[in-house]
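Participant: You'll find final_5.csv just under this line, and it carries CSV, C-alpha atoms and all ligand atoms.
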chain,number,residue,atom,x,y,z
I,1,MET,CA,101.8,143.4,134.2
I,2,SER,CA,105.2,144.6,133.3
I,3,ILE,CA,107.4,141.9,135.0
I,4,ILE,CA,106.1,138.5,135.9
I,5,VAL,CA,108.4,136.2,137.8
I,6,GLU,CA,107.0,132.7,138.4
I,7,ASN,CA,108.7,130.1,140.6
I,8,ILE,CA,112.2,131.0,139.7
I,9,THR,CA,114.9,128.8,141.1
I,10,LYS,CA,118.6,129.3,140.4
I,11,LEU,CA,121.4,126.8,141.3
I,12,TYR,CA,125.1,127.6,141.0
I,13,GLY,CA,126.3,124.0,141.1
I,14,SER,CA,124.7,122.7,144.3
I,15,GLN,CA,124.2,126.1,145.8
I,16,LYS,CA,120.7,127.5,145.6
I,17,ALA,CA,120.9,131.3,145.0
I,18,LEU,CA,117.1,131.7,144.3
I,19,ASP,CA,114.5,129.4,145.7
I,20,ASN,CA,111.1,129.4,144.1
I,21,VAL,CA,110.7,133.2,143.8
I,22,SER,CA,107.5,134.6,142.4
I,23,PHE,CA,106.1,138.2,142.1
I,24,LYS,CA,104.5,140.6,139.6
I,25,ILE,CA,105.4,144.2,139.0
I,26,LYS,CA,102.8,146.5,137.4
I,27,ALA,CA,103.8,149.0,134.7
I,28,GLY,CA,104.9,152.3,136.2
I,29,GLU,CA,105.8,150.8,139.7
I,30,ILE,CA,109.1,151.7,141.3
I,31,VAL,CA,110.0,148.6,143.3
I,32,GLY,CA,113.0,148.1,145.6
I,33,LEU,CA,114.6,144.7,145.9
I,34,LEU,CA,115.9,144.7,149.4
I,35,GLY,CA,118.2,142.2,151.0
I,36,PRO,CA,121.6,141.6,152.6
I,37,ASN,CA,124.7,140.6,150.6
I,38,GLY,CA,124.4,137.2,149.1
I,39,ALA,CA,120.5,137.3,149.2
I,40,GLY,CA,120.2,136.7,145.5
I,41,LYS,CA,119.4,140.2,144.3
I,42,SER,CA,121.9,140.4,141.5
I,43,THR,CA,121.1,136.8,140.4
I,44,LEU,CA,117.5,137.7,140.1
I,45,MET,CA,118.3,140.9,138.1
I,46,LYS,CA,120.6,139.0,135.7
I,47,ILE,CA,117.8,136.5,135.0
I,48,ILE,CA,115.2,139.2,134.3
I,49,THR,CA,117.6,140.9,131.9
I,50,CYS,CA,118.5,137.7,130.1
I,51,PHE,CA,122.1,137.6,131.2
I,52,ILE,CA,121.8,134.2,132.8
I,53,PRO,CA,119.1,131.6,132.6
I,54,PRO,CA,117.2,130.4,135.6
I,55,SER,CA,117.4,126.7,136.6
I,56,ASP,CA,113.6,126.5,136.8
I,57,GLY,CA,110.6,128.8,136.4
I,58,ARG,CA,109.4,131.5,134.0
I,59,VAL,CA,109.9,135.2,133.6
I,60,SER,CA,108.2,137.6,131.2
I,61,VAL,CA,108.8,141.3,130.6
I,62,ASN,CA,106.1,143.3,129.0
I,63,GLY,CA,104.6,140.0,127.7
I,64,PHE,CA,107.8,138.7,126.3
I,65,ASP,CA,109.3,135.4,127.6
I,66,ILE,CA,113.0,135.6,128.6
I,67,PHE,CA,113.7,132.3,126.9
I,68,GLU,CA,111.7,132.5,123.7
I,69,GLN,CA,111.8,136.3,123.1
I,70,SER,CA,115.0,137.4,124.7
I,71,ILE,CA,115.8,139.9,121.9
I,72,GLU,CA,112.5,141.6,122.5
I,73,VAL,CA,113.1,141.6,126.3
I,74,ARG,CA,116.5,143.2,125.8
I,75,LYS,CA,114.9,146.0,123.7
I,76,LYS,CA,112.4,146.8,126.4
I,77,VAL,CA,114.9,146.6,129.3
I,78,GLY,CA,117.6,149.0,130.4
I,79,TYR,CA,120.1,147.5,132.9
I,80,LEU,CA,122.7,149.0,135.1
I,81,PRO,CA,124.7,146.0,136.4
I,82,GLU,CA,126.3,145.9,139.8
I,83,ASN,CA,129.7,147.6,139.9
I,84,ASN,CA,128.7,149.3,136.6
I,85,PRO,CA,131.4,147.9,134.3
I,86,LEU,CA,132.4,150.7,132.0
I,87,TYR,CA,135.3,151.0,129.5
I,88,LEU,CA,137.5,153.4,131.4
I,89,ASP,CA,139.7,154.2,128.4
I,90,LEU,CA,136.8,155.4,126.3
I,91,TYR,CA,135.5,159.0,126.2
I,92,ILE,CA,132.0,159.3,127.5
I,93,LYS,CA,130.6,160.2,124.0
I,94,GLU,CA,132.6,157.4,122.4
I,95,TYR,CA,131.2,154.9,124.9
I,96,LEU,CA,127.6,156.0,124.6
I,97,GLU,CA,127.8,156.0,120.8
I,98,PHE,CA,129.1,152.5,121.0
I,99,VAL,CA,126.1,151.5,123.1
I,100,ALA,CA,123.7,153.3,120.8
I,101,GLY,CA,125.2,151.3,118.0
I,102,LEU,CA,124.5,148.0,119.8
I,103,TYR,CA,120.8,149.0,119.8
I,104,ALA,CA,120.9,150.2,116.2
I,105,ILE,CA,119.6,153.6,117.3
I,106,PRO,CA,119.3,156.0,114.4
I,107,ASN,CA,120.9,159.5,114.8
I,108,LYS,CA,123.4,158.2,117.4
I,109,LYS,CA,125.0,161.5,118.0
I,110,SER,CA,121.9,163.4,118.7
I,111,ARG,CA,120.6,160.7,121.0
I,112,VAL,CA,123.9,160.7,122.9
I,113,LYS,CA,123.6,164.4,123.3
I,114,GLU,CA,120.1,164.0,124.7
I,115,MET,CA,121.3,161.5,127.2
I,116,ILE,CA,124.2,163.8,128.3
I,117,ASP,CA,121.7,166.6,128.9
I,118,LEU,CA,119.2,164.3,130.7
I,119,ILE,CA,121.7,162.9,133.2
I,120,GLY,CA,123.5,166.2,133.7
I,121,ILE,CA,127.0,165.5,132.6
I,122,GLU,CA,127.4,168.4,130.1
I,123,LYS,CA,130.5,169.8,131.9
I,124,GLU,CA,132.2,166.4,132.0
I,125,GLN,CA,131.2,165.3,128.5
I,126,ASN,CA,134.7,165.6,126.9
I,127,LYS,CA,136.4,163.4,129.6
I,128,LYS,CA,137.4,159.8,129.5
I,129,ILE,CA,135.3,157.6,131.7
I,130,GLY,CA,138.4,156.7,133.8
I,131,ALA,CA,138.7,160.3,134.8
I,132,LEU,CA,135.2,160.6,136.3
I,133,SER,CA,134.2,160.4,139.9
I,134,LYS,CA,132.1,157.4,141.0
I,135,GLY,CA,129.0,159.6,141.0
I,136,TYR,CA,129.5,160.6,137.4
I,137,ARG,CA,130.4,157.1,136.4
I,138,GLN,CA,127.0,156.0,137.7
I,139,ARG,CA,125.4,158.7,135.6
I,140,VAL,CA,127.1,157.4,132.5
I,141,GLY,CA,125.9,153.9,133.6
I,142,LEU,CA,122.3,155.3,133.8
I,143,ALA,CA,122.7,157.0,130.4
I,144,GLN,CA,123.8,153.6,129.0
I,145,ALA,CA,120.7,151.9,130.5
I,146,LEU,CA,118.4,154.6,129.2
I,147,ILE,CA,119.7,155.2,125.7
I,148,HIS,CA,117.2,153.0,123.9
I,149,ASP,CA,114.3,154.5,125.9
I,150,PRO,CA,113.4,151.2,127.6
I,151,GLU,CA,110.1,150.8,129.3
I,152,VAL,CA,111.6,148.8,132.1
I,153,LEU,CA,114.7,149.8,134.1
I,154,ILE,CA,116.7,147.3,136.2
I,155,LEU,CA,119.3,149.0,138.5
I,156,ASP,CA,121.6,146.8,140.6
I,157,GLU,CA,122.7,148.8,143.6
I,158,PRO,CA,122.8,152.1,141.7
I,159,THR,CA,123.9,154.2,144.7
I,160,SER,CA,126.5,151.9,146.3
I,161,GLY,CA,129.8,153.6,147.0
I,162,LEU,CA,128.5,157.2,146.4
I,163,ASP,CA,129.1,160.0,148.8
I,164,PRO,CA,126.0,161.6,150.5
I,165,ASN,CA,125.6,164.4,147.9
I,166,GLN,CA,126.1,162.1,144.9
I,167,LEU,CA,123.6,159.7,146.5
I,168,ILE,CA,120.9,162.3,146.7
I,169,GLU,CA,121.5,163.4,143.2
I,170,ILE,CA,121.4,159.9,141.8
I,171,ARG,CA,118.2,159.2,143.8
I,172,GLU,CA,116.6,162.3,142.3
I,173,LEU,CA,117.6,161.2,138.8
I,174,ILE,CA,116.2,157.8,139.3
I,175,LYS,CA,112.9,159.2,140.6
I,176,ASN,CA,112.7,161.5,137.6
I,177,VAL,CA,113.3,159.0,135.0
I,178,GLY,CA,111.1,156.5,136.9
I,179,LYS,CA,108.1,158.6,136.4
I,180,GLU,CA,107.5,157.2,133.0
I,181,LYS,CA,109.0,153.7,133.5
I,182,THR,CA,108.8,150.5,135.4
I,183,VAL,CA,111.8,150.4,137.7
I,184,MET,CA,113.3,147.7,139.9
I,185,LEU,CA,116.3,148.7,141.9
I,186,SER,CA,118.3,146.6,144.4
I,187,THR,CA,119.8,147.8,147.6
I,188,HIS,CA,120.7,146.6,151.1
I,189,ILE,CA,119.6,149.9,152.7
I,190,MET,CA,116.0,150.2,153.8
I,191,GLN,CA,116.1,154.0,153.8
I,192,GLU,CA,117.0,153.9,150.1
I,193,VAL,CA,113.8,152.0,149.4
I,194,GLU,CA,111.8,154.5,151.5
I,195,ALA,CA,113.4,157.4,149.5
I,196,ILE,CA,112.7,156.1,146.0
I,197,CYS,CA,110.3,153.2,145.9
I,198,SER,CA,106.6,152.7,146.4
I,199,ARG,CA,107.0,149.0,147.1
I,200,ALA,CA,109.6,146.7,148.6
I,201,ILE,CA,110.3,143.1,148.0
I,202,ILE,CA,112.6,141.7,150.7
I,203,ILE,CA,114.7,138.7,149.9
I,204,ASP,CA,117.0,136.6,152.1
I,205,GLN,CA,118.9,133.5,151.2
I,206,GLY,CA,117.1,133.3,147.8
I,207,LYS,CA,113.6,133.5,149.2
I,208,ILE,CA,111.1,136.3,149.4
I,209,VAL,CA,110.4,137.1,153.0
I,210,ALA,CA,108.2,140.1,152.5
I,211,ASP,CA,106.5,142.0,149.7
I,212,ASP,CA,104.6,145.2,150.7
I,213,SER,CA,104.2,148.9,150.1
I,214,THR,CA,107.0,151.1,151.4
I,215,LYS,CA,104.3,152.9,153.5
I,216,ASN,CA,103.4,149.8,155.4
I,217,LEU,CA,107.0,148.8,155.6
I,218,SER,CA,108.2,152.1,157.2
I,219,GLU,CA,105.2,152.3,159.6
I,220,GLY,CA,105.9,148.8,160.7
I,221,SER,CA,102.1,148.3,160.3
I,222,SER,CA,102.3,145.4,158.0
I,223,ASN,CA,102.5,142.0,159.6
I,224,ILE,CA,103.6,138.9,157.8
I,225,GLN,CA,101.7,135.9,158.9
I,226,ILE,CA,103.6,132.7,158.7
I,227,VAL,CA,101.8,129.4,159.0
I,228,GLU,CA,103.6,126.1,159.2
I,229,VAL,CA,101.4,123.2,158.3
I,230,GLU,CA,101.9,119.5,157.8
I,231,PHE,CA,99.6,117.4,155.7
I,232,ASP,CA,99.4,113.6,155.6
I,233,SER,CA,100.1,113.4,151.9
I,234,ASN,CA,101.7,115.2,149.0
I,235,ILE,CA,100.1,118.2,147.3
I,236,GLN,CA,101.3,120.5,144.5
I,237,GLN,CA,102.5,124.0,145.3
I,238,LYS,CA,100.2,125.5,142.7
I,239,GLN,CA,97.2,124.1,144.5
I,240,ILE,CA,98.4,125.5,147.9
I,241,LEU,CA,98.9,128.9,146.3
I,242,SER,CA,95.2,128.8,145.3
I,243,ILE,CA,94.3,129.4,149.0
I,244,LYS,CA,93.1,132.9,149.3
I,245,ASP,CA,95.7,135.4,150.6
I,246,VAL,CA,98.6,132.8,150.6
I,247,HIS,CA,101.3,134.4,148.5
I,248,GLN,CA,104.2,132.2,149.3
I,249,ALA,CA,104.4,128.5,149.9
I,250,ASN,CA,107.6,126.7,150.5
I,251,LYS,CA,107.9,123.0,150.9
I,252,GLN,CA,109.8,121.7,153.8
I,253,LYS,CA,110.6,118.1,154.8
I,254,GLY,CA,108.0,115.5,154.1
I,255,ASN,CA,104.6,117.1,153.5
I,256,SER,CA,105.2,120.2,155.6
I,257,TRP,CA,104.8,123.6,154.1
I,258,ILE,CA,105.6,127.2,155.2
I,259,LEU,CA,102.9,129.5,154.0
I,260,GLN,CA,103.0,133.3,154.1
I,261,ALA,CA,100.2,135.8,154.0
I,262,ASN,CA,100.1,139.6,154.3
I,263,VAL,CA,96.6,139.9,155.9
I,264,THR,CA,95.6,140.4,159.5
I,265,GLU,CA,92.8,137.8,159.5
I,266,ASP,CA,94.0,134.3,160.6
I,267,ILE,CA,94.4,132.2,157.5
I,268,ARG,CA,94.4,128.9,159.3
I,269,PRO,CA,90.6,128.3,158.8
I,270,LEU,CA,91.2,128.7,155.1
I,271,VAL,CA,94.1,126.3,155.1
I,272,PHE,CA,91.9,123.8,157.0
I,273,GLU,CA,89.0,124.2,154.5
I,274,PHE,CA,91.6,123.7,151.7
I,275,ALA,CA,92.7,120.4,153.3
I,276,VAL,CA,89.2,119.1,153.6
I,277,LYS,CA,88.4,119.9,150.0
I,278,ASN,CA,91.5,118.1,148.8
I,279,ASN,CA,91.1,115.1,151.0
I,280,LEU,CA,94.1,115.9,153.0
I,281,LYS,CA,94.5,115.5,156.8
I,282,VAL,CA,96.1,118.3,158.8
I,283,LEU,CA,98.7,116.7,161.1
I,284,SER,CA,99.8,120.0,162.6
I,285,MET,CA,99.5,123.7,162.1
I,286,GLN,CA,101.0,126.7,163.8
I,287,LYS,CA,100.9,130.4,163.2
I,288,SER,CA,103.5,133.2,163.9
I,289,GLU,CA,103.5,136.8,163.1
I,290,GLN,CA,106.4,139.2,162.4
I,291,SER,CA,106.4,142.8,161.4
I,292,LEU,CA,108.3,143.7,158.3
I,293,GLU,CA,110.6,145.9,160.3
I,294,LYS,CA,111.5,142.9,162.5
I,295,VAL,CA,112.1,140.8,159.5
I,296,PHE,CA,114.4,143.4,158.1
I,297,GLN,CA,116.2,143.9,161.4
I,298,LYS,CA,116.9,140.3,161.6
I,299,LEU,CA,118.3,140.2,158.1
I,300,THR,CA,120.6,143.2,158.5
I,301,LYS,CA,121.8,142.0,161.9
I,302,LYS,CA,122.8,138.7,160.3
I,303,LYS,CA,124.7,140.6,157.7
I,304,THR,CA,126.8,142.6,160.1
I,305,GLY,CA,127.3,139.5,162.3
I,306,LYS,CA,128.9,137.6,159.4
I,401,LIG,P1,123.3,139.7,146.1
I,401,LIG,O1,123.3,140.4,144.8
I,401,LIG,O2,122.0,139.8,146.9
I,401,LIG,O3,124.4,140.1,147.0
I,401,LIG,P2,124.0,137.4,144.5
I,401,LIG,O4,122.8,137.2,143.6
I,401,LIG,O5,125.2,138.1,143.9
I,401,LIG,O6,123.4,138.2,145.8
I,401,LIG,O7,124.4,136.0,145.1
I,401,LIG,C1,123.5,135.1,145.7
I,401,LIG,C2,124.3,133.8,146.1
I,401,LIG,O8,124.8,133.2,144.9
I,401,LIG,C3,125.5,134.1,146.9
I,401,LIG,O9,125.7,133.2,147.9
I,401,LIG,C4,126.7,134.1,145.9
I,401,LIG,O10,127.9,133.7,146.5
I,401,LIG,C5,126.2,133.0,144.9
I,401,LIG,N1,126.7,133.3,143.5
I,401,LIG,C6,126.4,134.4,142.8
I,401,LIG,N2,127.0,134.3,141.6
I,401,LIG,C7,127.6,133.1,141.5
I,401,LIG,C8,128.4,132.4,140.6
I,401,LIG,N3,128.6,132.9,139.3
I,401,LIG,N4,128.8,131.2,140.9
I,401,LIG,C9,128.6,130.6,142.1
I,401,LIG,N5,127.9,131.2,143.1
I,401,LIG,C10,127.4,132.4,142.8
I,402,MG,MG,124.4,142.0,144.2
Please express what this file holds, its structure, as structure tokens.
Ligand code: ADP
Ligand code: MG

Facilitator:
Amino acid sequence: MSIIVENITKLYGSQKALDNVSFKIKAGEIVGLLGPNGAGKSTLMKIITCFIPPSDGRVSVNGFDIFEQSIEVRKKVGYLPENNPLYLDLYIKEYLEFVAGLYAIPNKKSRVKEMIDLIGIEKEQNKKIGALSKGYRQRVGLAQALIHDPEVLILDEPTSGLDPNQLIEIRELIKNVGKEKTVMLSTHIMQEVEAICSRAIIIDQGKIVADDSTKNLSEGSSNIQIVEVEFDSNIQQKQILSIKDVHQANKQKGNSWILQANVTEDIRPLVFEFAVKNNLKVLSMQKSEQSLEKVFQKLTKKKTGK
């Protein structure tokens, strides 16, 4: 596994930006993190890249823990932050050499030249960053993220604000560099995920609401099964997650839980068996199903309605 996120919660003061988020990303996957504004995408990416600590939970990148081995994590990860903060007064080469210096890359000049070729900014290479169009600035941002040849690439809304041509070019670029890397990119556009990613993780209000292949997602064939269950006494989340096919378990009031599964077979019998085995009584249990497309529609509708 390349990225392992386990039960991450992030509080900003009393506001919960991420609520018990867990997933795993295999080496070589290109995963889209999809969600409306304020869903928690940037927060999650900042945690994975060691820019901010989570309030709770664990993350490892290529086997390195973000708390204990953050320097190793940073060496393995390339990060394009949201709004791509660049030094507008610097020349492209100057800036990239500065970044190369931060990573103590030998032969800085030749590495910068390789990057300029790779991302296709030869013609612009003698300009200041401030003189570049948004599309070219994004390319410089990508060069900055790639310069130390990281195994993992984290791109926060890499195509936002680009015109349609720039958008296609940057997508192609990401697909190309993504062939040899693990990539996670965030977006609030479903088509973007379809164009670039093999898998999508949808988040809303800090919680994962779906995690599936882009194929299932676009065909609308994937159903998320949601089971609400109330037990008579307390149980640990870890135990609930041991129920086969349950990939999310969120505690509600009292001893109620919302469980999610991405399988077509009814998981209620399994939940019932689990209760019996653990000496719990089931006070109530209901199931509902939603297609990923519906879930996404609901999310985007809420966004435009704000
Ligand atoms: P997204 O990238 O999906 O738009 P963010 O991760 O930026 O979402 O934000 C998630 C939530 O956390 C939002 O409600 C946002 O207002 C809040 N938030 C983000 N950063 C901070 C911060 N530094 N301080 C307080 N609240 C924040
Ligand atoms: Mg964001």

Participant: Rank nothing, just name the residue among I:Asn279, I:Thr182, I:Ser288, I:Gln225 nearest to Asp149 in chain I, using all atoms listed in the file.

Facilitator: I:Thr182

Participant: Please list as a PyMOL selection string every residue within 12 Å of Phe231 in chain I, counting all atoms listed in the file and excluding residues in the same chain fewer than 6 positions away.

Facilitator: chain I and resi 240+251-258+271-272+274-276+278-285

Participant: Could you give me, as a PDB file with C-alpha atoms, keeping the file's coordinate frame, the residues within 9 Å of range 197-202 of chain I, counting all atoms listed in the file and dropping anything in the same chain fewer than 3 positions from it?

Facilitator:
ATOM      1  CA  PHE I  23     106.100 138.200 142.100  1.00  0.00           C
ATOM      2  CA  GLU I  29     105.800 150.800 139.700  1.00  0.00           C
ATOM      3  CA  ILE I  30     109.100 151.700 141.300  1.00  0.00           C
ATOM      4  CA  VAL I  31     110.000 148.600 143.300  1.00  0.00           C
ATOM      5  CA  GLY I  32     113.000 148.100 145.600  1.00  0.00           C
ATOM      6  CA  LEU I  33     114.600 144.700 145.900  1.00  0.00           C
ATOM      7  CA  LEU I  34     115.900 144.700 149.400  1.00  0.00           C
ATOM      8  CA  GLY I  35     118.200 142.200 151.000  1.00  0.00           C
ATOM      9  CA  LYS I 175     112.900 159.200 140.600  1.00  0.00           C
ATOM     10  CA  VAL I 183     111.800 150.400 137.700  1.00  0.00           C
ATOM     11  CA  MET I 184     113.300 147.700 139.900  1.00  0.00           C
ATOM     12  CA  LEU I 185     116.300 148.700 141.900  1.00  0.00           C
ATOM     13  CA  MET I 190     116.000 150.200 153.800  1.00  0.00           C
ATOM     14  CA  GLU I 192     117.000 153.900 150.100  1.00  0.00           C
ATOM     15  CA  VAL I 193     113.800 152.000 149.400  1.00  0.00           C
ATOM     16  CA  GLU I 194     111.800 154.500 151.500  1.00  0.00           C
ATOM     17  CA  LYS I 207     113.600 133.500 149.200  1.00  0.00           C
ATOM     18  CA  ILE I 208     111.100 136.300 149.400  1.00  0.00           C
ATOM     19  CA  VAL I 209     110.400 137.100 153.000  1.00  0.00           C
ATOM     20  CA  ALA I 210     108.200 140.100 152.500  1.00  0.00           C
ATOM     21  CA  ASP I 211     106.500 142.000 149.700  1.00  0.00           C
ATOM     22  CA  ASP I 212     104.600 145.200 150.700  1.00  0.00           C
ATOM     23  CA  SER I 213     104.200 148.900 150.100  1.00  0.00           C
ATOM     24  CA  THR I 214     107.000 151.100 151.400  1.00  0.00           C
ATOM     25  CA  LYS I 215     104.300 152.900 153.500  1.00  0.00           C
ATOM     26  CA  LEU I 217     107.000 148.800 155.600  1.00  0.00           C
ATOM     27  CA  LEU I 292     108.300 143.700 158.300  1.00  0.00           C
ATOM     28  CA  VAL I 295     112.100 140.800 159.500  1.00  0.00           C
ATOM     29  CA  PHE I 296     114.400 143.400 158.100  1.00  0.00           C
TER      30      PHE I 296
END

Participant: Can you write out as JSON lines which residues of chain I fall within 10 Å of ligand MG 402 (chain I), alongside each residue's closest atom pair and its distance in Å to one decimal, counting all atoms listed in the file and ordering rows by chain and ascending residue number?

Facilitator:
{"residue": "I:Gly35", "atom": "CA", "partner": "I:MG402", "partner_atom": "MG", "distance": 9.2}
{"residue": "I:Pro36", "atom": "CA", "partner": "I:MG402", "partner_atom": "MG", "distance": 8.9}
{"residue": "I:Asn37", "atom": "CA", "partner": "I:MG402", "partner_atom": "MG", "distance": 6.6}
{"residue": "I:Gly38", "atom": "CA", "partner": "I:MG402", "partner_atom": "MG", "distance": 6.9}
{"residue": "I:Ala39", "atom": "CA", "partner": "I:MG402", "partner_atom": "MG", "distance": 7.9}
{"residue": "I:Gly40", "atom": "CA", "partner": "I:MG402", "partner_atom": "MG", "distance": 6.9}
{"residue": "I:Lys41", "atom": "CA", "partner": "I:MG402", "partner_atom": "MG", "distance": 5.3}
{"residue": "I:Ser42", "atom": "CA", "partner": "I:MG402", "partner_atom": "MG", "distance": 4.0}
{"residue": "I:Thr43", "atom": "CA", "partner": "I:MG402", "partner_atom": "MG", "distance": 7.2}
{"residue": "I:Leu44", "atom": "CA", "partner": "I:MG402", "partner_atom": "MG", "distance": 9.1}
{"residue": "I:Met45", "atom": "CA", "partner": "I:MG402", "partner_atom": "MG", "distance": 8.7}
{"residue": "I:Lys46", "atom": "CA", "partner": "I:MG402", "partner_atom": "MG", "distance": 9.8}
{"residue": "I:Pro81", "atom": "CA", "partner": "I:MG402", "partner_atom": "MG", "distance": 8.8}
{"residue": "I:Glu82", "atom": "CA", "partner": "I:MG402", "partner_atom": "MG", "distance": 6.2}
{"residue": "I:Asn83", "atom": "CA", "partner": "I:MG402", "partner_atom": "MG", "distance": 8.8}
{"residue": "I:Asp156", "atom": "CA", "partner": "I:MG402", "partner_atom": "MG", "distance": 6.6}
{"residue": "I:Glu157", "atom": "CA", "partner": "I:MG402", "partner_atom": "MG", "distance": 7.0}
{"residue": "I:Ser186", "atom": "CA", "partner": "I:MG402", "partner_atom": "MG", "distance": 7.6}
{"residue": "I:Thr187", "atom": "CA", "partner": "I:MG402", "partner_atom": "MG", "distance": 8.1}
{"residue": "I:His188", "atom": "CA", "partner": "I:MG402", "partner_atom": "MG", "distance": 9.1}

Participant: Given 4 Å of margin on each side, can you work out the centre and size in Å (one decimal) of an axis-aligned box holding every listed atom of ligand LIG 401 (chain I), as lines of an AutoDock Vina configuration file?

Facilitator:
center_x = 125.4
center_y = 135.5
center_z = 143.6
size_x = 14.8
size_y = 17.8
size_z = 16.6

Participant: Can you tell me how far atom C5 of ligand LIG 401 (chain I) sits from CA of Leu153 in chain I, in Å to one decimal?

Facilitator: 23.0 Å

Participant: May I have a table of the residues of range 134-199 of chain I lying at most 12 Å from range 67-73 of chain I, giving each one's closest pair of atoms and their distance in Å to one decimal, counting all atoms listed in the file, ordered by chain and ascending residue number, as a tab-separated table?

Facilitator:
residue	atom	partner	partner_atom	distance
I:Pro150	CA	I:Val73	CA	9.7
I:Glu151	CA	I:Val73	CA	10.1
I:Val152	CA	I:Val73	CA	9.4
I:Leu153	CA	I:Val73	CA	11.4
I:Ile154	CA	I:Val73	CA	12.0

Participant: So how far away is CA of Leu173 in chain I from CA of Tyr136 in chain I, in Å?

Facilitator: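 That distance, rounded to one decimal, is 12.0 Å.
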